[in-house]
Structure formats: structure tokens, C-alpha cells
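Text of model07.txt (compact mmCIF, C-alpha atoms) as supplied:
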```txt
# COMPACT_ATOMS: atom_id res chain seq x y z
CA MET M 1 88.91 86.76 108.54
CA SER M 2 88.79 85.39 112.07
CA PRO M 3 89.67 87.04 115.37
CA SER M 4 93.19 86.68 116.63
CA ASP M 5 93.83 84.72 119.76
CA SER M 6 93.70 86.56 123.08
CA PRO M 7 94.52 85.56 126.66
CA SER M 8 91.97 83.23 128.24
CA GLY M 9 91.07 82.23 131.75
CA LEU M 10 89.52 83.86 134.77
CA ARG M 11 92.23 86.51 135.03
CA ALA M 12 91.62 87.70 131.49
CA GLY M 13 87.88 87.69 132.10
CA LEU M 14 88.22 89.71 135.29
CA ARG M 15 90.06 92.41 133.37
CA GLY M 16 87.04 92.64 131.11
CA LEU M 17 84.45 93.09 133.85
CA THR M 18 82.12 96.00 133.20
CA THR M 19 80.92 98.46 135.82
CA ARG M 20 77.85 96.31 136.28
CA GLY M 21 79.95 93.18 136.74
CA ARG M 22 82.23 94.85 139.27
CA SER M 23 79.21 96.17 141.16
CA PHE M 24 77.65 92.71 141.35
CA LEU M 25 80.95 91.21 142.51
CA ALA M 26 81.44 93.88 145.18
CA ALA M 27 77.85 93.51 146.38
CA GLY M 28 78.18 89.74 146.56
CA LEU M 29 81.39 89.87 148.56
CA THR M 30 79.92 92.46 150.89
CA ALA M 31 76.81 90.33 151.42
CA MET M 32 78.91 87.25 152.22
CA VAL M 33 80.96 89.16 154.78
CA CYS M 34 77.82 90.55 156.39
CA ALA M 35 76.22 87.07 156.39
CA TYR M 36 79.23 85.68 158.19
CA LEU M 37 79.21 88.47 160.79
CA LEU M 38 75.45 88.34 161.28
CA ASP M 39 75.17 84.56 160.90
CA GLN M 40 72.50 84.88 158.18
CA ASP M 41 72.40 81.87 155.86
CA ALA M 42 69.87 83.49 153.51
CA LEU M 43 72.08 86.55 153.05
CA LEU M 44 75.03 84.25 152.39
CA ARG M 45 73.16 82.52 149.57
CA VAL M 46 72.30 85.92 148.05
CA GLY M 47 75.92 87.02 148.29
CA VAL M 48 77.18 83.85 146.63
CA LEU M 49 74.70 84.30 143.80
CA LEU M 50 75.66 87.95 143.27
CA ALA M 51 79.37 87.17 143.22
CA ALA M 52 79.09 84.02 141.16
CA LEU M 53 77.18 85.65 138.29
CA PRO M 54 79.95 88.05 137.07
CA LEU M 55 82.66 85.46 137.81
CA ALA M 56 80.88 82.82 135.77
CA ALA M 57 80.26 85.28 132.94
CA ALA M 58 83.92 86.30 132.93
CA LEU M 59 85.15 82.71 132.97
CA VAL M 60 82.83 81.53 130.22
CA LEU M 61 83.39 84.60 128.03
CA ALA M 62 87.17 84.55 128.34
CA ASN M 63 87.51 80.84 127.61
CA THR M 64 85.04 80.65 124.76
CA ARG M 65 86.53 80.83 121.27
CA TYR M 66 83.86 82.87 119.61
CA ARG M 67 83.43 81.67 116.09
CA VAL M 68 82.84 85.04 114.56
CA ALA M 69 84.15 85.90 111.10
CA SER M 70 84.34 89.28 109.43
CA GLY M 71 85.01 90.69 105.98
CA ARG M 72 85.60 94.13 104.53
CA ARG M 73 84.76 95.39 101.05
CA LEU M 74 85.82 98.74 99.60
CA SER M 75 83.76 100.54 97.02
CA PRO M 76 85.78 101.58 95.14
CA HIS M 77 89.25 100.27 95.97
CA ARG M 78 90.75 103.23 94.14
CA ALA M 79 89.10 106.52 95.16
CA ILE M 80 89.71 109.99 93.77
CA ALA M 81 91.01 112.68 96.09
CA GLY M 82 88.13 114.74 97.43
CA GLN M 83 85.53 112.07 96.73
CA GLU M 84 83.99 109.64 99.18
CA ALA M 85 84.49 105.88 99.29
CA ARG M 86 82.29 103.44 101.17
CA VAL M 87 83.57 100.63 103.36
CA HIS M 88 81.25 97.67 103.89
CA LEU M 89 81.74 95.42 106.93
CA ARG M 90 80.16 92.01 107.33
CA VAL M 91 80.09 90.04 110.58
CA ASP M 92 79.12 86.35 110.49
CA ASN M 93 78.25 84.28 113.53
CA ILE M 94 79.40 80.83 112.43
CA SER M 95 78.66 79.16 115.80
CA ARG M 96 75.45 77.48 116.93
CA VAL M 97 74.70 79.91 119.74
CA PRO M 98 73.63 83.55 119.47
CA THR M 99 76.05 86.29 120.35
CA GLY M 100 75.51 88.91 122.97
CA LEU M 101 76.08 92.60 122.50
CA LEU M 102 78.77 93.31 119.88
CA LEU M 103 80.65 96.57 119.53
CA LEU M 104 82.55 96.97 116.25
CA GLU M 105 85.33 99.51 115.78
CA ASP M 106 87.38 99.75 112.61
CA LYS M 107 90.84 101.31 112.64
CA VAL M 108 90.98 104.21 110.19
CA PRO M 109 93.79 106.76 109.57
CA TYR M 110 92.88 110.17 110.92
CA VAL M 111 93.04 111.78 107.47
CA LEU M 112 90.05 109.65 106.43
CA GLY M 113 87.88 110.71 109.35
CA PRO M 114 86.98 109.48 112.85
CA ARG M 115 87.00 105.81 113.75
CA PRO M 116 83.60 104.27 112.96
CA ARG M 117 81.82 102.38 115.74
CA PHE M 118 78.76 100.14 115.48
CA VAL M 119 76.64 98.32 118.06
CA LEU M 120 74.99 95.00 117.17
CA ASP M 121 72.46 93.81 119.73
CA ARG M 122 72.41 90.13 118.79
CA VAL M 123 73.47 87.93 115.92
CA GLU M 124 71.56 84.69 115.63
CA PRO M 125 73.33 81.35 115.00
CA ARG M 126 74.66 81.15 111.43
CA GLY M 127 73.44 84.70 110.94
CA ASN M 128 75.24 87.80 109.76
CA ARG M 129 75.07 91.58 109.93
CA GLU M 130 76.29 94.17 107.46
CA VAL M 131 77.19 97.76 108.25
CA SER M 132 78.97 100.43 106.22
CA TYR M 133 80.64 103.78 106.67
CA ARG M 134 82.11 106.47 104.44
CA VAL M 135 85.65 107.78 104.24
CA ARG M 136 87.01 110.78 102.39
CA SER M 137 90.45 112.28 101.91
CA ASP M 138 91.62 115.40 100.13
CA LEU M 139 95.14 114.01 100.19
CA ARG M 140 96.19 111.29 97.78
CA GLY M 141 98.02 108.28 99.15
CA ARG M 142 97.62 104.69 100.28
CA TYR M 143 95.77 104.20 103.55
CA GLU M 144 95.43 101.01 105.57
CA LEU M 145 91.97 100.22 106.91
CA GLY M 146 91.80 97.84 109.83
CA PRO M 147 92.20 95.62 111.61
CA LEU M 148 88.63 95.43 112.86
CA GLN M 149 88.22 95.29 116.62
CA LEU M 150 85.30 93.40 118.11
CA ARG M 151 84.09 93.80 121.68
CA LEU M 152 82.05 90.82 122.94
CA SER M 153 79.66 90.96 125.87
CA ASP M 154 77.72 88.35 127.80
CA PRO M 155 73.88 88.53 127.77
CA PHE M 156 73.82 90.14 131.25
CA GLY M 157 76.39 92.81 130.40
CA MET M 158 78.71 91.68 133.18
CA CYS M 159 81.86 91.25 131.12
CA GLU M 160 83.33 92.52 127.86
CA VAL M 161 86.24 90.96 125.98
CA ASN M 162 88.04 92.56 123.07
CA ARG M 163 88.95 90.56 120.00
CA SER M 164 91.04 91.90 117.13
CA PHE M 165 90.99 90.60 113.58
CA ASN M 166 94.25 90.26 111.72
CA ALA M 167 93.34 91.28 108.18
CA SER M 168 93.34 94.80 106.82
CA ASP M 169 92.72 96.40 103.44
CA VAL M 170 94.34 99.26 101.58
CA LEU M 171 92.43 102.17 100.12
CA THR M 172 94.29 104.00 97.37
CA VAL M 173 93.39 107.67 96.96
CA VAL M 174 94.54 108.78 93.52
CA PRO M 175 94.95 112.36 92.28
CA GLN M 176 92.06 114.09 90.60
CA VAL M 177 91.65 113.17 86.94
CA GLN M 178 90.07 115.79 84.72
CA ALA M 179 88.38 114.98 81.42
CA LEU M 180 90.33 116.34 78.47
CA ALA M 181 89.04 117.10 75.01
CA HIS M 182 90.11 115.04 72.02
CA VAL M 183 92.41 117.50 70.26
CA ARG M 184 94.83 117.03 67.42
CA LEU M 185 98.35 117.32 68.78
CA SER M 186 101.50 118.27 66.98
CA GLY M 187 103.47 115.15 66.09
CA GLU M 188 100.90 112.58 67.18
CA TRP M 189 100.96 109.32 65.24
CA LEU M 190 97.64 107.57 65.47
CA GLY M 191 97.36 106.46 61.87
CA GLN M 192 94.70 109.05 61.09
CA GLY M 193 94.40 111.80 58.50
CA GLU M 194 97.56 113.46 57.28
CA SER M 195 99.75 111.73 59.84
CA HIS M 196 98.85 108.25 58.56
CA SER M 197 101.62 108.12 55.98
CA ARG M 198 104.11 109.27 58.60
CA THR M 199 102.90 106.55 60.90
CA LEU M 200 103.64 103.86 58.36
CA ALA M 201 107.00 105.35 57.57
CA LEU M 202 108.07 105.64 61.19
CA ALA M 203 106.40 102.58 62.65
CA GLY M 204 106.21 100.04 59.84
CA ASP M 205 107.49 96.50 59.64
CA ASP M 206 110.66 97.64 57.80
CA ASP M 207 111.47 100.62 59.98
CA VAL M 208 114.92 102.17 59.55
CA ILE M 209 114.77 104.82 62.26
CA LEU M 210 118.14 105.24 63.95
CA ARG M 211 118.94 105.02 67.62
CA GLU M 212 122.00 104.73 69.82
CA TYR M 213 123.84 101.43 70.05
CA ARG M 214 123.05 99.31 73.09
CA PRO M 215 125.04 96.37 74.42
CA GLY M 216 123.86 93.22 72.70
CA ASP M 217 122.82 94.87 69.43
CA ASP M 218 123.87 93.11 66.24
CA LEU M 219 126.83 94.96 64.72
CA ARG M 220 125.39 94.27 61.28
CA ARG M 221 122.68 96.82 62.09
CA VAL M 222 125.19 99.65 62.64
CA HIS M 223 124.52 102.60 60.34
CA TRP M 224 128.05 103.79 59.64
CA LYS M 225 127.19 107.07 57.95
CA SER M 226 125.17 108.22 60.94
CA THR M 227 127.86 106.90 63.28
CA ALA M 228 130.41 109.11 61.57
CA ARG M 229 128.04 112.07 61.68
CA TYR M 230 127.10 111.83 65.36
CA GLY M 231 130.39 110.48 66.67
CA GLU M 232 128.76 107.48 68.37
CA LEU M 233 127.50 104.11 67.22
CA MET M 234 124.02 104.32 65.70
CA VAL M 235 121.96 101.28 64.73
CA ARG M 236 118.87 100.77 62.58
CA ARG M 237 115.59 99.97 64.26
CA GLU M 238 114.25 97.17 62.09
CA GLU M 239 111.06 96.53 64.02
CA GLN M 240 108.67 98.97 65.56
CA PRO M 241 105.21 98.33 66.98
CA GLN M 242 102.35 99.80 65.08
CA ARG M 243 100.78 101.32 68.17
CA ALA M 244 101.49 104.97 68.94
CA ARG M 245 103.53 105.59 72.06
CA ALA M 246 103.63 108.42 74.56
CA THR M 247 105.69 109.32 77.61
CA VAL M 248 104.46 111.58 80.39
CA LEU M 249 107.38 113.14 82.26
CA LEU M 250 106.64 114.44 85.76
CA ASP M 251 109.06 116.81 87.45
CA THR M 252 109.06 115.90 91.16
CA ARG M 253 112.07 117.96 92.26
CA GLU M 254 111.39 119.75 95.52
CA ILE M 255 113.42 122.77 94.43
CA ALA M 256 111.26 123.11 91.32
CA HIS M 257 107.91 123.56 93.09
CA ARG M 258 106.27 126.10 95.37
CA GLY M 259 103.35 126.15 97.75
CA SER M 260 102.19 123.51 100.22
CA GLY M 261 99.36 121.04 100.62
CA PRO M 262 96.69 120.36 98.01
CA ALA M 263 97.09 123.88 96.60
CA SER M 264 100.79 123.50 95.79
CA SER M 265 102.26 123.49 92.31
CA PHE M 266 103.39 119.90 92.82
CA GLU M 267 99.83 118.68 93.42
CA TRP M 268 98.71 120.51 90.27
CA ALA M 269 101.52 118.78 88.36
CA VAL M 270 100.57 115.35 89.71
CA SER M 271 96.92 115.86 88.76
CA CYS M 272 97.99 117.06 85.32
CA ALA M 273 100.18 113.98 84.77
CA ALA M 274 97.33 111.70 85.85
CA SER M 275 94.79 113.40 83.59
CA VAL M 276 97.06 113.40 80.55
CA SER M 277 98.12 109.77 81.08
CA VAL M 278 94.55 108.51 81.37
CA HIS M 279 93.47 110.60 78.38
CA LEU M 280 96.27 109.27 76.16
CA LEU M 281 95.55 105.70 77.20
CA GLU M 282 91.91 106.17 76.29
CA ARG M 283 93.00 107.43 72.88
CA GLY M 284 95.01 104.27 72.23
CA TYR M 285 98.51 105.42 73.10
CA GLN M 286 100.90 103.00 74.74
CA THR M 287 101.67 105.33 77.60
CA ARG M 288 104.29 105.27 80.30
CA LEU M 289 104.91 107.58 83.24
CA LEU M 290 108.43 108.80 83.92
CA THR M 291 109.77 110.97 86.74
CA ASP M 292 112.97 112.96 87.07
CA THR M 293 114.33 110.19 89.32
CA GLY M 294 114.41 107.80 86.35
CA GLN M 295 111.60 105.64 87.72
CA TRP M 296 108.87 104.83 85.25
CA VAL M 297 105.66 102.85 85.00
CA PRO M 298 105.46 100.95 81.68
CA GLY M 299 102.43 101.15 79.47
CA PRO M 300 100.35 98.12 78.44
CA GLY M 301 101.93 95.41 76.37
CA ALA M 302 100.65 94.17 73.09
CA GLY M 303 97.28 92.47 73.17
CA GLY M 304 94.81 92.06 75.97
CA THR M 305 91.42 93.68 76.16
CA ASN M 306 92.08 95.19 79.60
CA ALA M 307 95.68 96.27 78.97
CA ALA M 308 94.88 99.97 78.84
CA ALA M 309 92.76 99.78 81.99
CA ASP M 310 95.52 97.89 83.80
CA SER M 311 98.11 100.43 82.74
CA SER M 312 95.87 103.29 83.83
CA GLY M 313 95.53 101.69 87.26
CA LEU M 314 99.28 101.21 87.58
CA ILE M 315 99.98 104.83 86.66
CA LEU M 316 97.34 106.17 89.04
CA ASP M 317 98.63 103.96 91.84
CA ALA M 318 102.15 105.29 91.26
CA LEU M 319 100.95 108.89 91.25
CA ALA M 320 98.95 108.29 94.44
CA VAL M 321 102.20 107.89 96.37
CA ALA M 322 104.40 110.23 94.30
CA ASP M 323 106.45 112.52 96.51
CA LEU M 324 108.90 115.34 96.09
CA SER M 325 112.44 114.24 95.31
CA ASP M 326 115.72 115.79 96.38
CA GLY M 327 117.13 115.79 92.87
CA GLY M 328 118.70 118.88 91.37
CA GLY M 329 118.20 118.12 87.70
CA LEU M 330 116.50 115.95 85.09
CA SER M 331 119.56 113.97 84.02
CA ARG M 332 118.33 110.67 85.48
CA ALA M 333 115.28 110.80 83.20
CA GLU M 334 117.31 111.30 80.03
CA GLU M 335 118.39 107.70 79.52
CA PRO M 336 114.83 106.26 79.77
CA LEU M 337 113.71 108.97 77.36
CA ARG M 338 116.43 108.05 74.89
CA ALA M 339 115.64 104.36 75.22
CA GLY M 340 111.94 105.01 74.68
CA GLY M 341 112.43 105.89 71.06
CA GLU M 342 110.05 107.99 69.06
CA GLY M 343 106.63 109.03 70.25
CA LEU M 344 104.75 111.83 71.90
CA LEU M 345 106.40 113.39 74.95
CA VAL M 346 104.31 115.37 77.43
CA ALA M 347 106.38 116.96 80.20
CA VAL M 348 104.96 118.60 83.33
CA LEU M 349 107.81 120.80 84.47
CA GLY M 350 108.49 122.94 87.48
CA GLU M 351 111.11 125.65 87.70
CA LEU M 352 114.02 125.17 85.26
CA ASP M 353 117.42 126.74 84.94
CA GLU M 354 119.22 127.33 81.66
CA SER M 355 121.17 124.07 81.64
CA GLN M 356 118.12 121.96 82.42
CA ALA M 357 116.14 123.63 79.67
CA ALA M 358 119.04 123.02 77.27
CA ARG M 359 119.06 119.30 78.06
CA LEU M 360 115.33 119.09 77.44
CA ALA M 361 115.78 120.99 74.19
CA ARG M 362 118.24 118.37 72.95
CA LEU M 363 115.79 115.58 73.73
CA ARG M 364 113.18 117.15 71.46
CA SER M 365 114.89 115.82 68.31
CA ARG M 366 114.29 112.23 69.49
CA THR M 367 110.53 112.55 69.86
CA GLY M 368 107.67 112.74 67.40
CA GLY M 369 106.06 115.57 69.30
CA ALA M 370 106.79 117.37 72.55
CA ILE M 371 104.41 119.33 74.78
CA ALA M 372 105.61 121.07 77.93
CA PHE M 373 103.35 122.24 80.73
CA LEU M 374 105.77 124.79 82.16
CA LEU M 375 104.64 125.85 85.62
CA ASP M 376 105.20 129.45 86.61
CA THR M 377 105.81 128.42 90.21
CA GLY M 378 106.13 132.02 91.34
CA THR M 379 102.37 132.38 91.06
CA TRP M 380 101.92 129.56 93.57
CA SER M 381 104.14 131.28 96.10
CA GLY M 382 102.55 134.72 95.57
CA LEU M 383 105.70 136.31 94.13
CA ARG M 384 103.96 137.53 90.97
CA LEU M 385 100.48 138.42 92.04
CA LEU M 386 100.52 141.92 90.55
CA ALA M 387 101.24 140.90 86.97
CA PRO M 388 100.96 137.11 86.69
CA GLU M 389 100.19 137.23 82.99
CA THR M 390 103.72 138.28 82.10
CA GLY M 391 105.71 135.83 84.22
CA GLY M 392 109.27 136.43 85.35
CA ASP M 393 112.15 137.17 83.01
CA GLU M 394 113.80 133.83 83.74
CA PHE M 395 110.55 131.99 83.21
CA ARG M 396 110.00 133.64 79.83
CA ALA M 397 113.58 132.84 78.84
CA ARG M 398 113.10 129.13 79.65
CA ALA M 399 109.82 129.05 77.73
CA ARG M 400 111.49 130.68 74.74
CA GLN M 401 114.42 128.27 74.95
CA LEU M 402 112.15 125.24 74.77
CA ARG M 403 109.96 126.76 72.09
CA GLU M 404 112.92 127.45 69.85
CA ALA M 405 113.94 123.78 70.17
CA GLY M 406 110.56 122.67 68.85
CA TRP M 407 108.56 122.18 72.03
CA THR M 408 104.94 123.25 72.26
CA VAL M 409 105.08 125.23 75.49
CA LEU M 410 101.95 125.76 77.59
CA PRO M 411 102.72 128.21 80.42
CA VAL M 412 100.76 127.40 83.58
CA ARG M 413 99.85 129.78 86.38
CA ALA M 414 98.14 129.07 89.67
CA GLY M 415 94.42 128.70 89.06
CA ASP M 416 94.69 127.82 85.36
CA SER M 417 92.31 125.19 84.02
CA LEU M 418 93.97 122.06 82.69
CA PRO M 419 91.18 121.31 80.13
CA ASP M 420 91.56 124.84 78.73
CA LEU M 421 95.33 124.47 78.50
CA TRP M 422 94.95 121.11 76.78
CA ARG M 423 92.64 122.61 74.17
CA ALA M 424 95.22 125.34 73.62
CA ALA M 425 97.73 122.65 72.63
CA GLU M 426 95.76 122.00 69.44
CA GLY M 427 97.37 123.97 66.69
CA ALA M 428 99.72 125.76 69.09
CA THR M 429 102.87 126.73 67.21
CA THR M 430 106.34 126.46 68.56
CA THR M 431 107.00 130.13 67.86
CA ALA M 432 103.91 131.65 69.43
CA PRO M 433 104.68 134.42 71.92
CA TYR M 434 104.30 133.61 75.60
CA ARG M 435 101.59 136.18 76.22
CA GLU M 436 99.32 134.69 73.55
CA GLU M 437 99.71 131.13 74.85
CA ALA M 438 99.13 132.20 78.39
CA GLY M 439 95.87 133.81 77.43
CA ALA M 440 94.58 130.81 75.50
```

Rewritten as C-alpha cells:
Amino acid sequence: MSPSDSPSGLRAGLRGLTTRGRSFLAAGLTAMVCAYLLDQDALLRVGVLLAALPLAAALVLANTRYRVASGRRLSPHRAIAGQEARVHLRVDNISRVPTGLLLLEDKVPYVLGPRPRFVLDRVEPRGNREVSYRVRSDLRGRYELGPLQLRLSDPFGMCEVNRSFNASDVLTVVPQVQALAHVRLSGEWLGQGESHSRTLALAGDDDVILREYRPGDDLRRVHWKSTARYGELMVRREEQPQRARATVLLDTREIAHRGSGPASSFEWAVSCAASVSVHLLERGYQTRLLTDTGQWVPGPGAGGTNAAADSSGLILDALAVADLSDGGGLSRAEEPLRAGGEGLLVAVLGELDESQAARLARLRSRTGGAIAFLLDTGTWSGLRLLAPETGGDEFRARARQLREAGWTVLPVRAGDSLPDLWRAAEGATTTAPYREEAGA
């Protein structure tokens, strides 16, 4: 990148005079006045020299288009919350004359730390200098770095002129991703072991799984018996990809979470959704992220060696800027869930009421397997510090309601370990009592 244009001319240069330059100018003017009063030609020549030096430096510096280029490189571009990233700056002098003193200052959001400043004494013609600094944020998000500001000085230090580069870069701070064990989940279809036959039956080339009618579907595919049974048009799904699919549902409702900052239940839920999504992608699932607002990030398409990595990046980027929503329910996520067809559903849920739990219970029949991380948000707000292992009555009722519908419910309290909870999902039954699951 190159510096943006700035005002030129003597007036702009005079505004950039340093303390030394102003002192020389004042001394020169004073000497000329004294020479005139005392009729001293030698003193006049000294005064002219003292005054001319900062004026000439200001004029030359302000009217010179310094051919200085700069670049910025982030390592990595996508950092994890709580971990450091390094920013590398490179300054190239592409002119045929050496530069004077250079002061570099990069614009950095306050959450990443103080603004870094560097002093370069001299850059030779066609030469370059590289400097670097570290940034760190405990808060996920997208942060703009730059533009870089460059302060140029003449060799005598009489004048300084600021130049600003136009380009900037974005550092994405993603939520923490925890490594999860490879466990066997209820309802997973990976074409392995006992589930292999079910995989072929449910995801073969001649699949006859039913789904709701959508505009544009061929009426010849309507399954009339099922239509009469359910009271709505049902069609046969004749084609189904062989790859296992998964949906990670994140509850972002503000009314469903407690606590504030990095220690809130919402931040735990975001980290959980990121960890589970990355883990399922690594296991070969075609994974998508869905929120209660109905917005979703699609998983990788068929083919492509870097499809899973690209999908992982998209999901992490979306979670980096995920925020609490003002929604009151999960109804906007139901249609994408219905359209997603069969597959593994992992839901990270905040506080639920009876009707919301009932709607989730009905969705269970459309999935191959369903796991719910049900957050006991009262433990994040300190409402159940005396007996957190039992949870509240309403919380236990919602957990029981989901469990009876076929969900594998993993109750979550403040301070619980996600890897331990994930291991507890292996072999967890849908009828296990809440106290036993909480202690797993």
C-alpha cells in the first residue's frame, strides 16, 4: 500500500515544524532583527541561515511525494480468543534517496492492546525494514487493524510530516475450540459398524424417506398413504447423499442466557457450538450451523479436498461475531431444521419454557439422532450455588420433557468441562435420570 495524499506546500510544512525547527526559525528572525538594528552584516547572514534551514526543510519535506510502501501480514488471520496473534509490518523505500527518521504507528482497537509505535532511523534507497508486534483479545469478534500512520522527518529533525496509508486488515478472533474425543453417538450414520446397514437404507441411491411437500416437487413423488396419515402432502426422497450430515443449533436468545462477559452462559454456548462443529467436520460430517434466528452457515458441498476446512472457517467466522438475539422462541429455526432432512442434531440450548421444549420434542422424530446441551443458566447467575447438582424444578422438567421425546440430554452447569460432557454422550440413554447425567 502507498501513503494517501496530504496537503503540500510551505504552509503544510510549517505546521509540521518540530521544536528544533521552530527554535531555529525564531533564532534566525531574532538575529535578523538585531542585525538590522545594530547594522551588523555578519549577524544578518547568520540569521538568514538559521531561518532558511527550517523553512527549506519544511518546503522540501511537504512537497516531496515520498515513495514509501508498506504491507501488513497477520499470523494467523484467524486467532483463538485468549491466544496471541502477531502482526508483521514491512516498510519499503522505493525511491532513490534514503529516508530520514521514520516513526510508525499502527491503529489498533483498544481491546487488542495499546497502539504499537516503532522508530526507524534510516531506510536506504530500495531498502526495507520489517517490524512486528503482538495482539491478544479475550473477546471474540472481528477487529480492524490499520491504517498505518507514518511520520517522516528531515535529516536535521527540523520538520515532521504525517502520512497515512489507506489499507487495513481484519483480524478475526474466534471462540475457543476444545478438542473432543471420538465417541460413538446415538443415531450417527457414518457407515461404520452396526449403523452401516442403516446408513445404506437411509442414504442410498434409491432412498424412500418421506418429507414434507415443497413448491416445485413432482406430484408423482407424493406418498398418498403418508399424506392421509399426517394430514399434509408428503413426498418420497429419491436421492440422498451418502455423506452423513449434522446440524448444530445454537440458542442465542438473550432471555435464555445469564451472566456477562467471557464467563457468561452465552459464551460457553458459543464455544461449545464451535467445538462440536469443528469436531463433526473432522469426523466427516457435512455440518451446518443454525441459530434460533433461522440464519445458518451451510456445510461443505460434495467434493473438494479443502471443503471441510473451508466450512470450518465459515462456521468459526460466523461464531466470532455471533451476538444475543431479541427472539422469544425457537420457531424461526424450525423450518431450516425440517428442510435439513435426516441427520445428527446437536442443540446448545439456554433456558426453555414448556412450549419451546415441546416444539423441540416434535422435531426429534425428523432426525437420526439428537443431543441437547441444556444449560442450567441459574448456575451462571448464582441462583443455585447451594445445590447446583439438582438444578431447578423447571429445569428438570424441561430435561425430562426432551428426554422422553428421544433426546440425549446433557445438563450443563457453570464450570462443567465440555470434553467430559461430550464423553458422557457416548452410550447415554434417553431415560437416564438427570442426577446421573449431571455427574458424568

Write out as a list in words which residues come within 6 Å of range 140-147 of chain M when counting only C-alpha atoms, dropping same-chain ones fewer than 6 positions away. Ala81, Asp106, Lys107, Val108, Phe165, Asn166, Ala167, Ser168, Asp169, Val170, Leu171, Thr172, Val173, Val174, Pro175, Ala320 and Val321 of chain M

Polymer residues at most 10 Å from Asp420 in chain M, all atoms listed in the file, same-chain spacing of 4 or more positions, as a list in words: Leu180, Ala181, Asp416, Ala424, Ala425 and Ala440 of chain M

Need to verify the contact set: Val183 in chain M, 8 Å, only C-alpha atoms, exclusion of same-chain residues closer than 6 positions in sequence. Can you return it as a PyMOL selection string? chain M and resi 422-423+425-426

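If only C-alpha atoms are the atoms counted, then among M:Glu84, M:Glu160, M:Glu124, M:Asp353 the closest residue to Arg136 in chain M is M:Glu84.
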
With distances taken over all atoms listed in the file, which residue among M:Ser417, M:Gln176, M:Ser153, M:Gln295 lies nearest Ala57 in chain M?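 Residue with the minimum atom-to-atom distance to Ala57 in chain M: M:Ser153.
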
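With distances restricted to only C-alpha atoms, M:Glu404 is the closest residue to Ser365 in chain M from M:Glu351, M:Glu404, M:Asp326, M:Asp217.
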
Can you measure CA of Val135 in chain M to CA of Arg86 in chain M for me? One decimal in Å is fine. 6.3 Å

List the spatial neighbours of range 279-283 of chain M as a list in words - criterion: any atom at most 9 Å away, all atoms listed in the file, same-chain residues fewer than 6 positions off excluded.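 The contact residues come out as Gln178, Ala179, Leu180, Ala181, His182, Leu190, Ala246, Gly299, Ala308, Ala309, Ser311 and Ser312 of chain M.
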
Return the single residue from M:Val87, M:Leu363, M:Leu421, M:Leu345 that is closest to Leu330 in chain M, with distances computed using only C-alpha atoms.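 Result for the nearest residue to Leu330 in chain M: M:Leu363.
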
Hey, what's within 10 Å of Phe395 in chain M if we count all atoms listed in the file and toss same-chain stuff fewer than 5 positions away? As an NGL selection string, please? :M and (351-354 or 374-378 or 390 or 400-401 or 411 or 434)

Between CA of Trp296 in chain M and CA of Arg338 in chain M, what is the distance in Å, rounded to a tenth? 13.2 Å

Two-atom distance - CA of Thr291 in chain M, CA of Tyr213 in chain M (Å): 23.8 Å

Measuring atom to atom with all atoms listed in the file, identify which of M:Gly71, M:Gly13, M:Gly415, M:Pro114 is nearest to Val131 in chain M. M:Gly71

Filled-in all heavy atoms of range 396-401 of chain M, supplied as a short mmCIF file (atom, residue, chain, number, x, y, z; two decimals), keeping the file's coordinate frame:
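Output file result-v1.cif follows:
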```cif
data_model
loop_
_atom_site.label_atom_id
_atom_site.label_comp_id
_atom_site.auth_asym_id
_atom_site.auth_seq_id
_atom_site.Cartn_x
_atom_site.Cartn_y
_atom_site.Cartn_z
N ARG M 396 110.21 133.40 81.26
CA ARG M 396 110.00 133.64 79.83
C ARG M 396 111.18 133.16 79.01
O ARG M 396 111.02 132.64 77.91
CB ARG M 396 109.75 135.13 79.59
CG ARG M 396 108.43 135.63 80.15
CD ARG M 396 108.05 136.96 79.52
NE ARG M 396 109.07 137.97 79.75
CZ ARG M 396 109.10 138.78 80.81
NH1 ARG M 396 108.17 138.66 81.75
NH2 ARG M 396 110.06 139.67 80.96
N ALA M 397 112.39 133.30 79.56
CA ALA M 397 113.58 132.84 78.84
C ALA M 397 113.56 131.32 78.68
O ALA M 397 113.91 130.79 77.62
CB ALA M 397 114.84 133.29 79.57
N ARG M 398 113.15 130.60 79.74
CA ARG M 398 113.10 129.13 79.65
C ARG M 398 112.03 128.70 78.66
O ARG M 398 112.21 127.75 77.90
CB ARG M 398 112.82 128.52 81.02
CG ARG M 398 113.82 128.85 82.10
CD ARG M 398 115.19 128.22 81.85
NE ARG M 398 116.01 129.01 80.93
CZ ARG M 398 116.67 130.11 81.28
NH1 ARG M 398 116.61 130.56 82.50
NH2 ARG M 398 117.40 130.77 80.39
N ALA M 399 110.88 129.38 78.68
CA ALA M 399 109.82 129.05 77.73
C ALA M 399 110.29 129.28 76.30
O ALA M 399 110.03 128.47 75.40
CB ALA M 399 108.57 129.88 78.04
N ARG M 400 110.98 130.37 76.09
CA ARG M 400 111.49 130.68 74.74
C ARG M 400 112.53 129.65 74.31
O ARG M 400 112.57 129.21 73.15
CB ARG M 400 112.08 132.08 74.72
CG ARG M 400 112.49 132.56 73.33
CD ARG M 400 113.13 133.94 73.38
NE ARG M 400 112.31 134.87 74.13
CZ ARG M 400 112.63 135.36 75.33
NH1 ARG M 400 113.77 134.98 75.91
NH2 ARG M 400 111.85 136.23 75.94
N GLN M 401 113.37 129.23 75.25
CA GLN M 401 114.42 128.27 74.95
C GLN M 401 113.83 126.93 74.51
O GLN M 401 114.30 126.33 73.53
CB GLN M 401 115.29 128.07 76.19
CG GLN M 401 116.58 127.30 75.96
CD GLN M 401 117.44 127.28 77.21
OE1 GLN M 401 117.11 127.88 78.24
NE2 GLN M 401 118.57 126.58 77.15
#
```
